[in-house]
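Enquirer: Quick one, structure.txt (compact mmCIF, N, CA and C atoms):
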```txt
# COMPACT_ATOMS: atom_id res chain seq x y z
N MET A 18 -80.74 27.83 131.08
CA MET A 18 -80.08 29.12 130.97
C MET A 18 -80.58 30.12 132.00
N ILE A 19 -81.54 29.72 132.80
CA ILE A 19 -81.99 30.62 133.86
C ILE A 19 -80.97 30.57 134.98
N GLY A 20 -80.49 31.76 135.34
CA GLY A 20 -79.50 31.83 136.40
C GLY A 20 -80.11 31.61 137.77
N ALA A 21 -79.28 31.18 138.70
CA ALA A 21 -79.74 30.98 140.07
C ALA A 21 -80.19 32.30 140.69
N ASP A 22 -79.75 33.41 140.11
CA ASP A 22 -80.11 34.72 140.65
C ASP A 22 -81.32 35.34 139.94
N TRP A 23 -81.99 34.57 139.07
CA TRP A 23 -83.22 35.04 138.41
C TRP A 23 -84.40 34.78 139.35
N THR A 24 -85.30 35.73 139.45
CA THR A 24 -86.47 35.60 140.32
C THR A 24 -87.73 35.47 139.48
N PRO A 25 -88.51 34.41 139.65
CA PRO A 25 -89.77 34.29 138.91
C PRO A 25 -90.72 35.42 139.31
N HIS A 26 -91.45 35.94 138.32
CA HIS A 26 -92.47 36.95 138.61
C HIS A 26 -93.82 36.40 138.16
N ARG A 27 -94.78 36.40 139.07
CA ARG A 27 -96.10 35.83 138.82
C ARG A 27 -97.18 36.88 138.95
N ARG A 28 -98.28 36.64 138.19
CA ARG A 28 -99.47 37.47 138.35
C ARG A 28 -100.07 37.17 139.72
N ASP A 29 -101.09 37.96 140.08
CA ASP A 29 -101.78 37.74 141.35
C ASP A 29 -102.41 36.35 141.44
N ASP A 30 -102.78 35.77 140.29
CA ASP A 30 -103.39 34.44 140.29
C ASP A 30 -102.35 33.32 140.28
N GLY A 31 -101.08 33.66 140.33
CA GLY A 31 -100.01 32.67 140.39
C GLY A 31 -99.40 32.30 139.06
N GLU A 32 -99.97 32.78 137.95
CA GLU A 32 -99.45 32.45 136.61
C GLU A 32 -98.08 33.11 136.41
N LEU A 33 -97.11 32.32 135.98
CA LEU A 33 -95.76 32.83 135.73
C LEU A 33 -95.78 33.75 134.51
N LEU A 34 -95.19 34.94 134.66
CA LEU A 34 -95.09 35.90 133.55
C LEU A 34 -93.68 35.97 132.98
N GLY A 35 -92.69 35.60 133.78
CA GLY A 35 -91.30 35.68 133.35
C GLY A 35 -90.41 35.78 134.57
N TRP A 36 -89.24 36.35 134.37
CA TRP A 36 -88.25 36.44 135.43
C TRP A 36 -87.67 37.84 135.48
N ILE A 37 -87.16 38.16 136.64
CA ILE A 37 -86.39 39.40 136.82
C ILE A 37 -84.99 38.97 137.20
N ARG A 38 -84.02 39.50 136.44
CA ARG A 38 -82.63 39.10 136.67
C ARG A 38 -81.78 40.33 136.93
N PRO A 39 -80.66 40.14 137.64
CA PRO A 39 -79.76 41.27 137.85
C PRO A 39 -79.18 41.75 136.52
N ASP A 40 -79.00 43.05 136.41
CA ASP A 40 -78.37 43.65 135.24
C ASP A 40 -77.49 44.79 135.75
N GLY A 41 -76.27 44.47 136.07
CA GLY A 41 -75.39 45.47 136.70
C GLY A 41 -75.94 45.84 138.06
N ASP A 42 -76.12 47.13 138.28
CA ASP A 42 -76.70 47.62 139.54
C ASP A 42 -78.21 47.73 139.45
N ALA A 43 -78.80 47.23 138.37
CA ALA A 43 -80.24 47.35 138.16
C ALA A 43 -80.83 45.96 137.95
N TRP A 44 -82.03 45.93 137.36
CA TRP A 44 -82.76 44.69 137.11
C TRP A 44 -83.30 44.70 135.69
N ALA A 45 -83.49 43.52 135.13
CA ALA A 45 -84.07 43.42 133.79
C ALA A 45 -85.11 42.31 133.79
N ALA A 46 -86.19 42.54 133.04
CA ALA A 46 -87.26 41.55 132.91
C ALA A 46 -87.01 40.67 131.69
N VAL A 47 -87.34 39.38 131.82
CA VAL A 47 -87.21 38.40 130.75
C VAL A 47 -88.55 37.68 130.64
N ASP A 48 -89.10 37.61 129.42
CA ASP A 48 -90.41 36.97 129.25
C ASP A 48 -90.27 35.45 129.21
N LEU A 49 -91.40 34.76 129.05
CA LEU A 49 -91.41 33.30 129.08
C LEU A 49 -90.65 32.65 127.92
N LEU A 50 -90.44 33.41 126.85
CA LEU A 50 -89.70 32.90 125.69
C LEU A 50 -88.20 33.18 125.80
N GLY A 51 -87.80 33.84 126.90
CA GLY A 51 -86.39 34.16 127.09
C GLY A 51 -85.98 35.47 126.44
N ARG A 52 -86.97 36.26 125.99
CA ARG A 52 -86.67 37.54 125.35
C ARG A 52 -86.62 38.65 126.40
N PRO A 53 -85.78 39.66 126.19
CA PRO A 53 -85.81 40.79 127.11
C PRO A 53 -87.18 41.47 127.07
N ALA A 54 -87.73 41.75 128.24
CA ALA A 54 -89.00 42.47 128.34
C ALA A 54 -88.77 43.89 128.85
N SER A 55 -87.55 44.17 129.27
CA SER A 55 -87.17 45.52 129.67
C SER A 55 -85.66 45.62 129.58
N GLY A 56 -85.19 46.83 129.59
CA GLY A 56 -83.76 47.06 129.74
C GLY A 56 -83.43 47.12 131.21
N ALA A 57 -82.22 47.53 131.52
CA ALA A 57 -81.83 47.70 132.92
C ALA A 57 -82.71 48.79 133.54
N THR A 58 -83.32 48.46 134.67
CA THR A 58 -84.29 49.36 135.27
C THR A 58 -84.43 49.07 136.75
N GLU A 59 -85.33 49.77 137.39
CA GLU A 59 -85.67 49.50 138.78
C GLU A 59 -86.51 48.23 138.87
N TRP A 60 -86.49 47.57 140.02
CA TRP A 60 -87.23 46.33 140.22
C TRP A 60 -88.72 46.48 139.87
N LEU A 61 -89.36 47.52 140.39
CA LEU A 61 -90.80 47.70 140.16
C LEU A 61 -91.11 47.95 138.68
N ASP A 62 -90.20 48.60 137.98
CA ASP A 62 -90.40 48.83 136.55
C ASP A 62 -90.24 47.52 135.76
N ALA A 63 -89.35 46.65 136.21
CA ALA A 63 -89.20 45.33 135.57
C ALA A 63 -90.48 44.51 135.79
N GLU A 64 -91.02 44.56 137.00
CA GLU A 64 -92.29 43.87 137.27
C GLU A 64 -93.39 44.42 136.37
N ALA A 65 -93.46 45.74 136.27
CA ALA A 65 -94.51 46.38 135.46
C ALA A 65 -94.38 45.99 133.99
N ALA A 66 -93.15 45.85 133.51
CA ALA A 66 -92.93 45.46 132.10
C ALA A 66 -93.50 44.06 131.85
N LEU A 67 -93.26 43.14 132.77
CA LEU A 67 -93.78 41.78 132.60
C LEU A 67 -95.30 41.77 132.70
N GLU A 68 -95.84 42.54 133.61
CA GLU A 68 -97.30 42.56 133.76
C GLU A 68 -97.97 43.20 132.55
N ALA A 69 -97.35 44.24 131.98
CA ALA A 69 -97.90 44.87 130.78
C ALA A 69 -97.84 43.92 129.59
N LEU A 70 -96.78 43.13 129.50
CA LEU A 70 -96.63 42.18 128.40
C LEU A 70 -97.63 41.03 128.54
N GLY A 71 -97.82 40.54 129.75
CA GLY A 71 -98.75 39.43 129.97
C GLY A 71 -98.28 38.15 129.31
N ILE A 72 -99.25 37.27 128.99
CA ILE A 72 -98.92 36.01 128.32
C ILE A 72 -99.78 35.76 127.08
N ALA A 73 -100.57 36.75 126.69
CA ALA A 73 -101.46 36.57 125.53
C ALA A 73 -100.68 36.23 124.26
N TYR A 74 -99.43 36.66 124.17
CA TYR A 74 -98.63 36.36 122.98
C TYR A 74 -98.47 34.85 122.76
N LEU A 75 -98.63 34.07 123.83
CA LEU A 75 -98.52 32.61 123.69
C LEU A 75 -99.74 32.00 123.01
N ALA A 76 -100.85 32.72 122.99
CA ALA A 76 -102.07 32.22 122.35
C ALA A 76 -102.18 32.64 120.89
N GLU A 77 -101.30 33.50 120.44
CA GLU A 77 -101.34 34.01 119.07
C GLU A 77 -100.59 33.07 118.13
N PRO A 78 -100.90 33.14 116.83
CA PRO A 78 -100.10 32.36 115.86
C PRO A 78 -98.71 32.97 115.72
N TRP A 79 -97.76 32.11 115.44
CA TRP A 79 -96.38 32.52 115.17
C TRP A 79 -95.95 31.86 113.87
N MET A 80 -94.82 32.26 113.36
CA MET A 80 -94.31 31.71 112.11
C MET A 80 -92.97 31.02 112.38
N LEU A 81 -92.83 29.82 111.81
CA LEU A 81 -91.59 29.06 111.92
C LEU A 81 -90.95 29.02 110.55
N GLU A 82 -89.74 29.55 110.46
CA GLU A 82 -89.00 29.57 109.20
C GLU A 82 -88.06 28.37 109.12
N GLY A 83 -87.66 28.05 107.89
CA GLY A 83 -86.67 27.02 107.68
C GLY A 83 -87.23 25.62 107.52
N GLU A 84 -88.54 25.50 107.35
CA GLU A 84 -89.17 24.19 107.17
C GLU A 84 -89.69 23.99 105.75
N GLY A 85 -89.37 24.89 104.87
CA GLY A 85 -89.82 24.82 103.49
C GLY A 85 -89.60 26.16 102.82
N GLU A 86 -90.22 26.34 101.65
CA GLU A 86 -90.07 27.60 100.93
C GLU A 86 -90.66 28.77 101.68
N SER A 87 -91.79 28.54 102.33
CA SER A 87 -92.49 29.59 103.06
C SER A 87 -92.49 29.28 104.55
N PRO A 88 -92.61 30.32 105.38
CA PRO A 88 -92.74 30.06 106.82
C PRO A 88 -94.01 29.27 107.10
N VAL A 89 -93.99 28.49 108.16
CA VAL A 89 -95.13 27.68 108.58
C VAL A 89 -95.81 28.38 109.75
N ARG A 90 -97.14 28.47 109.68
CA ARG A 90 -97.90 29.06 110.79
C ARG A 90 -98.03 28.01 111.89
N VAL A 91 -97.64 28.39 113.12
CA VAL A 91 -97.62 27.45 114.24
C VAL A 91 -98.27 28.07 115.48
N ARG A 92 -98.54 27.17 116.43
CA ARG A 92 -99.08 27.55 117.75
C ARG A 92 -98.21 26.92 118.82
N PHE A 93 -98.10 27.60 119.96
CA PHE A 93 -97.33 27.05 121.07
C PHE A 93 -98.07 25.89 121.72
N VAL A 94 -97.32 24.85 122.04
CA VAL A 94 -97.83 23.71 122.78
C VAL A 94 -97.23 23.72 124.19
N GLU A 95 -95.94 24.01 124.26
CA GLU A 95 -95.23 24.00 125.55
C GLU A 95 -94.12 25.03 125.51
N VAL A 96 -93.97 25.77 126.60
CA VAL A 96 -92.87 26.71 126.73
C VAL A 96 -92.29 26.55 128.13
N THR A 97 -91.05 26.08 128.19
CA THR A 97 -90.33 25.95 129.46
C THR A 97 -88.91 26.45 129.23
N PRO A 98 -88.17 26.69 130.29
CA PRO A 98 -86.77 27.07 130.11
C PRO A 98 -85.90 25.95 129.53
N GLN A 99 -86.47 24.76 129.35
CA GLN A 99 -85.72 23.67 128.73
C GLN A 99 -86.01 23.56 127.24
N ARG A 100 -87.22 23.94 126.80
CA ARG A 100 -87.57 23.79 125.39
C ARG A 100 -88.84 24.56 125.07
N ILE A 101 -89.02 24.76 123.77
CA ILE A 101 -90.25 25.35 123.23
C ILE A 101 -90.80 24.34 122.22
N VAL A 102 -92.06 23.97 122.37
CA VAL A 102 -92.69 23.05 121.43
C VAL A 102 -93.82 23.80 120.74
N VAL A 103 -93.80 23.74 119.41
CA VAL A 103 -94.87 24.34 118.61
C VAL A 103 -95.46 23.27 117.71
N LYS A 104 -96.69 23.51 117.25
CA LYS A 104 -97.31 22.59 116.29
C LYS A 104 -97.89 23.41 115.16
N GLY A 105 -98.04 22.75 114.01
CA GLY A 105 -98.66 23.40 112.87
C GLY A 105 -100.05 23.89 113.23
N GLU A 106 -100.48 24.95 112.58
CA GLU A 106 -101.81 25.53 112.83
C GLU A 106 -102.86 24.43 112.83
N ASP A 107 -103.70 24.43 113.87
CA ASP A 107 -104.73 23.40 113.98
C ASP A 107 -106.14 23.97 113.85
N PHE A 108 -106.26 25.25 113.57
CA PHE A 108 -107.55 25.91 113.36
C PHE A 108 -108.49 25.72 114.55
N GLY A 109 -107.92 25.62 115.75
CA GLY A 109 -108.73 25.50 116.95
C GLY A 109 -109.15 24.09 117.30
N ALA A 110 -108.76 23.11 116.49
CA ALA A 110 -109.12 21.72 116.76
C ALA A 110 -107.98 21.06 117.54
N VAL A 111 -108.13 21.01 118.85
CA VAL A 111 -107.03 20.51 119.68
C VAL A 111 -106.69 19.05 119.40
N ASP A 112 -107.61 18.30 118.81
CA ASP A 112 -107.34 16.90 118.50
C ASP A 112 -106.81 16.69 117.08
N ALA A 113 -106.62 17.79 116.34
CA ALA A 113 -106.10 17.68 114.98
C ALA A 113 -104.65 17.18 115.01
N LEU A 114 -104.33 16.29 114.09
CA LEU A 114 -102.97 15.79 114.00
C LEU A 114 -102.16 16.74 113.13
N THR A 115 -101.24 17.45 113.75
CA THR A 115 -100.37 18.36 113.03
C THR A 115 -98.94 18.08 113.44
N ARG A 116 -98.02 18.49 112.61
CA ARG A 116 -96.60 18.28 112.92
C ARG A 116 -96.20 19.13 114.12
N ARG A 117 -95.28 18.60 114.91
CA ARG A 117 -94.73 19.33 116.06
C ARG A 117 -93.24 19.51 115.87
N TRP A 118 -92.75 20.60 116.40
CA TRP A 118 -91.32 20.89 116.38
C TRP A 118 -90.87 21.23 117.80
N GLU A 119 -89.76 20.65 118.21
CA GLU A 119 -89.15 21.00 119.49
C GLU A 119 -87.97 21.93 119.20
N LEU A 120 -88.00 23.09 119.84
CA LEU A 120 -86.99 24.12 119.61
C LEU A 120 -86.29 24.45 120.92
N PRO A 121 -85.11 25.02 120.83
CA PRO A 121 -84.40 25.38 122.06
C PRO A 121 -85.01 26.63 122.72
N TRP A 122 -84.72 26.77 123.99
CA TRP A 122 -85.06 27.98 124.74
C TRP A 122 -83.74 28.64 125.07
N PRO A 123 -83.59 29.95 124.94
CA PRO A 123 -84.61 30.92 124.56
C PRO A 123 -85.00 30.82 123.09
N ILE A 124 -86.06 31.51 122.76
CA ILE A 124 -86.66 31.44 121.43
C ILE A 124 -85.62 31.66 120.33
N PRO A 125 -85.56 30.76 119.36
CA PRO A 125 -84.63 30.96 118.24
C PRO A 125 -85.20 31.98 117.25
N ALA A 126 -84.32 32.60 116.47
CA ALA A 126 -84.73 33.64 115.52
C ALA A 126 -85.70 33.11 114.46
N ARG A 127 -85.66 31.82 114.17
CA ARG A 127 -86.55 31.29 113.12
C ARG A 127 -88.00 31.15 113.56
N LEU A 128 -88.28 31.37 114.83
CA LEU A 128 -89.65 31.40 115.34
C LEU A 128 -89.97 32.85 115.65
N ARG A 129 -90.96 33.39 114.96
CA ARG A 129 -91.23 34.83 115.05
C ARG A 129 -92.71 35.13 114.88
N PRO A 130 -93.13 36.32 115.32
CA PRO A 130 -94.52 36.72 115.07
C PRO A 130 -94.77 36.88 113.57
N PRO A 131 -96.02 36.76 113.14
CA PRO A 131 -96.34 36.96 111.72
C PRO A 131 -96.04 38.39 111.27
N ARG A 132 -95.70 38.50 110.00
CA ARG A 132 -95.45 39.81 109.37
C ARG A 132 -96.37 39.92 108.16
N PRO A 133 -96.63 41.15 107.73
CA PRO A 133 -97.41 41.30 106.50
C PRO A 133 -96.75 40.52 105.36
N GLY A 134 -97.56 39.83 104.59
CA GLY A 134 -97.06 39.04 103.47
C GLY A 134 -96.78 37.59 103.81
N ASP A 135 -96.83 37.23 105.10
CA ASP A 135 -96.66 35.83 105.46
C ASP A 135 -97.85 35.02 104.95
N PRO A 136 -97.64 33.74 104.68
CA PRO A 136 -98.76 32.89 104.27
C PRO A 136 -99.83 32.87 105.36
N ASP A 137 -101.08 32.88 104.95
CA ASP A 137 -102.20 32.84 105.88
C ASP A 137 -102.83 31.46 105.77
N ALA A 138 -102.76 30.69 106.85
CA ALA A 138 -103.27 29.31 106.83
C ALA A 138 -104.78 29.26 106.66
N PHE A 139 -105.44 30.38 106.81
CA PHE A 139 -106.90 30.40 106.68
C PHE A 139 -107.37 30.71 105.27
N VAL A 140 -106.42 31.00 104.38
CA VAL A 140 -106.76 31.34 103.00
C VAL A 140 -106.12 30.31 102.06
N ILE A 141 -106.91 29.75 101.19
CA ILE A 141 -106.40 28.77 100.23
C ILE A 141 -105.95 29.51 98.98
N ASP A 142 -104.68 29.33 98.63
CA ASP A 142 -104.15 29.91 97.38
C ASP A 142 -104.49 28.98 96.23
N ARG A 143 -105.00 29.54 95.15
CA ARG A 143 -105.30 28.72 93.97
C ARG A 143 -104.61 29.28 92.76
```
Mind turning the file's structure into structure tokens?

Expert:
Amino acid sequence: MIGADWTPHRRDDGELLGWIRPDGDAWAAVDLLGRPASGATEWLDAEAALEALGIAYLAEPWMLEGEGESPVRVRFVEVTPQRIVVKGEDFGAVDALTRRWELPWPIPARLRPPRPGDPDAFVIDR
């Protein structure tokens, strides 16, 4: 879904932050998940929006809905313009066997940041 007229925007170290795409007579920033990172704006403001957003959101837990009664806490494994792969919370153990889900890009609505009241994988309910 990335248009031929989208321009990758990278940090000084070369890490991809997202893309800047035409938006009428202006430009708009799009993050790595395919979400708008700015509205129609000047080129430099679109760059600034991506740089302010960064990529730390990819290291945070997210919630995947539609896999049971409660949302499932997940972590990103892979994010490309072809797909998003998440896995069940692994508590920092990269070798832990957890379920993986392959989702479309851009990010579907059922994958979202945690909200108050979401299940906490670090707390055992009894």

Enquirer: For the structure I just gave you, how does DSSP split chain A - specifically, which residues are strand (DSSP E)? Reply as a PyMOL selection string.

Expert: chain A and resi 24-27+33-40+43-48+79-81+89-96+101-105+117-120+128-129

Enquirer: Find the residue from A:Gly31, A:Gly20, A:Gly105, A:Gly83 that sits nearest to Arg127 in chain A; use all atoms listed in the file when measuring.

Expert: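 Of A:Gly31, A:Gly20, A:Gly105, A:Gly83, the one nearest Arg127 in chain A, counting all atoms listed in the file, is A:Gly83.
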
Enquirer: Using only N, CA and C atoms, determine which residues lie at most 6.5 Å from range 106-118 of chain A, disregarding the query and same-chain residues fewer than 4 positions distant; provide the list as a list in words.

Expert: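 Skipping anything fewer than 4 positions along the chain leaves Val89, Arg90, Val91, Arg92, Ile101 and Val102 of chain A.
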
Enquirer: Mind giving me the axis-aligned box for range 38-54 of chain A with 6 Å on every side, centre plus edges in Å to one decimal, as JSON?

Expert:
```
{"center_x": -83.4, "center_y": 40.2, "center_z": 132.4, "size_x": 28.0, "size_y": 27.1, "size_z": 26.2}
```

Enquirer: Can you pull out every residue within 8 Å of Ala46 in chain A, counting all atoms listed in the file, but drop anything in the same chain fewer than 5 positions away, and send it as a list in words?

Expert: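 Everything that qualifies: Gly35, Trp36, Ile37, Arg38, Pro39, Asp40, Gly51, Arg52, Pro53, Ala54, Ser55, Gly56, Ala57, Thr58, Asp62, Ala63, Glu64, Ala66 and Leu67 of chain A.
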
Enquirer: For the residues in that selection, give me N, CA and C atoms as a compact mmCIF listing (two decimals), in the coordinates of the input.

Expert:
```txt
# COMPACT_ATOMS: atom_id res chain seq x y z
N GLY A 35 -92.69 35.60 133.78
CA GLY A 35 -91.30 35.68 133.35
C GLY A 35 -90.41 35.78 134.57
N TRP A 36 -89.24 36.35 134.37
CA TRP A 36 -88.25 36.44 135.43
C TRP A 36 -87.67 37.84 135.48
N ILE A 37 -87.16 38.16 136.64
CA ILE A 37 -86.39 39.40 136.82
C ILE A 37 -84.99 38.97 137.20
N ARG A 38 -84.02 39.50 136.44
CA ARG A 38 -82.63 39.10 136.67
C ARG A 38 -81.78 40.33 136.93
N PRO A 39 -80.66 40.14 137.64
CA PRO A 39 -79.76 41.27 137.85
C PRO A 39 -79.18 41.75 136.52
N ASP A 40 -79.00 43.05 136.41
CA ASP A 40 -78.37 43.65 135.24
C ASP A 40 -77.49 44.79 135.75
N GLY A 51 -87.80 33.84 126.90
CA GLY A 51 -86.39 34.16 127.09
C GLY A 51 -85.98 35.47 126.44
N ARG A 52 -86.97 36.26 125.99
CA ARG A 52 -86.67 37.54 125.35
C ARG A 52 -86.62 38.65 126.40
N PRO A 53 -85.78 39.66 126.19
CA PRO A 53 -85.81 40.79 127.11
C PRO A 53 -87.18 41.47 127.07
N ALA A 54 -87.73 41.75 128.24
CA ALA A 54 -89.00 42.47 128.34
C ALA A 54 -88.77 43.89 128.85
N SER A 55 -87.55 44.17 129.27
CA SER A 55 -87.17 45.52 129.67
C SER A 55 -85.66 45.62 129.58
N GLY A 56 -85.19 46.83 129.59
CA GLY A 56 -83.76 47.06 129.74
C GLY A 56 -83.43 47.12 131.21
N ALA A 57 -82.22 47.53 131.52
CA ALA A 57 -81.83 47.70 132.92
C ALA A 57 -82.71 48.79 133.54
N THR A 58 -83.32 48.46 134.67
CA THR A 58 -84.29 49.36 135.27
C THR A 58 -84.43 49.07 136.75
N ASP A 62 -90.20 48.60 137.98
CA ASP A 62 -90.40 48.83 136.55
C ASP A 62 -90.24 47.52 135.76
N ALA A 63 -89.35 46.65 136.21
CA ALA A 63 -89.20 45.33 135.57
C ALA A 63 -90.48 44.51 135.79
N GLU A 64 -91.02 44.56 137.00
CA GLU A 64 -92.29 43.87 137.27
C GLU A 64 -93.39 44.42 136.37
N ALA A 66 -93.15 45.85 133.51
CA ALA A 66 -92.93 45.46 132.10
C ALA A 66 -93.50 44.06 131.85
N LEU A 67 -93.26 43.14 132.77
CA LEU A 67 -93.78 41.78 132.60
C LEU A 67 -95.30 41.77 132.70
```

Enquirer: Hey, what's within 10 Å of Pro123 in chain A if we count only C-alpha atoms and toss same-chain stuff fewer than 6 positions away? As a VMD selection string, please?

Expert: chain A and resid 18 to 19 48 to 52 96 to 101

Enquirer: Just to confirm, what's the straight-line distance from atom C of Ala65 in chain A to atom C of Ala126 in chain A in Å (one decimal)?

Expert: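 It comes out at 25.0 Å.
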
Enquirer: List as a count of residues only the protein and nucleic acid residues near Pro130 in chain A, meaning an atom at most 7 Å away when only N, CA and C atoms are counted, but skip any in the same chain fewer than 4 places from it.

Expert: 3

Enquirer: So which residues of chain A fall under alpha helix (DSSP H) by DSSP, listed as a list of chain:residue names?

Expert: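 Listing alpha helix (DSSP H) positions across chain A yields A:Trp60, A:Leu61, A:Asp62, A:Ala63, A:Glu64, A:Ala65, A:Ala66, A:Leu67, A:Glu68, A:Ala69, A:Leu70.
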
Enquirer: Choose the residue, out of A:Val47, A:Gly41, A:Glu68, A:Phe93, that has the smallest atom-to-atom separation from Thr24 in chain A; count only C-alpha atoms.

Expert: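 Once distances to Thr24 in chain A are computed over only C-alpha atoms, the minimum belongs to A:Val47.
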
Enquirer: If you measure from CA of Pro136 in chain A to atom N of Ser87 in chain A, what distance in Å do you get, rounded to one decimal?

Expert: 8.4 Å

Enquirer: Just give me the gap between CA of Pro133 in chain A and CA of Gly71 in chain A in Å, one decimal is fine.

Expert: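 Computed distance, CA of Pro133 in chain A to CA of Gly71 in chain A, equals 23.6 Å.
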
Enquirer: Kindly indicate which residue among A:Ala43, A:Leu75, A:Leu61, A:Pro121 lies nearest to His26 in chain A, using only C-alpha atoms for the distances.

Expert: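 Residue with the minimum atom-to-atom distance to His26 in chain A: A:Leu61.
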
Enquirer: Any chance you could export range 54-76 of chain A with N, CA and C atoms, as a short mmCIF file (atom, residue, chain, number, x, y, z; two decimals), in the first residue's frame?

Expert:
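Listing of result-v1.cif after writing:
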```
data_model
loop_
_atom_site.label_atom_id
_atom_site.label_comp_id
_atom_site.auth_asym_id
_atom_site.auth_seq_id
_atom_site.Cartn_x
_atom_site.Cartn_y
_atom_site.Cartn_z
N ALA A 54 0.95 10.15 11.02
CA ALA A 54 1.76 10.76 12.08
C ALA A 54 1.65 12.28 12.03
N SER A 55 1.01 12.79 10.99
CA SER A 55 0.74 14.22 10.87
C SER A 55 -0.41 14.39 9.90
N GLY A 56 -0.98 15.56 9.93
CA GLY A 56 -1.94 15.93 8.90
C GLY A 56 -1.18 16.55 7.74
N ALA A 57 -1.92 17.14 6.82
CA ALA A 57 -1.28 17.83 5.70
C ALA A 57 -0.47 19.00 6.26
N THR A 58 0.80 19.05 5.87
CA THR A 58 1.70 20.04 6.44
C THR A 58 2.87 20.29 5.50
N GLU A 59 3.79 21.10 5.95
CA GLU A 59 5.03 21.33 5.21
C GLU A 59 5.94 20.12 5.36
N TRP A 60 6.85 19.93 4.41
CA TRP A 60 7.77 18.79 4.42
C TRP A 60 8.54 18.69 5.73
N LEU A 61 9.14 19.79 6.17
CA LEU A 61 9.96 19.76 7.39
C LEU A 61 9.13 19.44 8.63
N ASP A 62 7.87 19.86 8.64
CA ASP A 62 6.99 19.54 9.77
C ASP A 62 6.63 18.05 9.75
N ALA A 63 6.47 17.47 8.57
CA ALA A 63 6.21 16.02 8.47
C ALA A 63 7.43 15.24 8.97
N GLU A 64 8.62 15.69 8.60
CA GLU A 64 9.84 15.05 9.11
C GLU A 64 9.90 15.15 10.63
N ALA A 65 9.61 16.34 11.15
CA ALA A 65 9.66 16.56 12.60
C ALA A 65 8.66 15.67 13.33
N ALA A 66 7.49 15.46 12.73
CA ALA A 66 6.47 14.61 13.36
C ALA A 66 6.99 13.17 13.48
N LEU A 67 7.63 12.67 12.44
CA LEU A 67 8.17 11.31 12.50
C LEU A 67 9.31 11.21 13.51
N GLU A 68 10.15 12.21 13.54
CA GLU A 68 11.27 12.18 14.48
C GLU A 68 10.79 12.28 15.92
N ALA A 69 9.75 13.09 16.17
CA ALA A 69 9.20 13.20 17.52
C ALA A 69 8.55 11.89 17.95
N LEU A 70 7.90 11.20 17.01
CA LEU A 70 7.25 9.93 17.32
C LEU A 70 8.29 8.83 17.58
N GLY A 71 9.34 8.80 16.79
CA GLY A 71 10.38 7.79 16.96
C GLY A 71 9.86 6.39 16.66
N ILE A 72 10.51 5.39 17.28
CA ILE A 72 10.08 4.00 17.08
C ILE A 72 9.91 3.25 18.41
N ALA A 73 9.99 3.97 19.52
CA ALA A 73 9.87 3.31 20.83
C ALA A 73 8.53 2.59 20.99
N TYR A 74 7.50 3.05 20.30
CA TYR A 74 6.19 2.40 20.40
C TYR A 74 6.24 0.94 19.96
N LEU A 75 7.24 0.59 19.15
CA LEU A 75 7.37 -0.81 18.71
C LEU A 75 7.89 -1.72 19.82
N ALA A 76 8.51 -1.14 20.84
CA ALA A 76 9.04 -1.93 21.95
C ALA A 76 8.05 -2.08 23.10
#
```
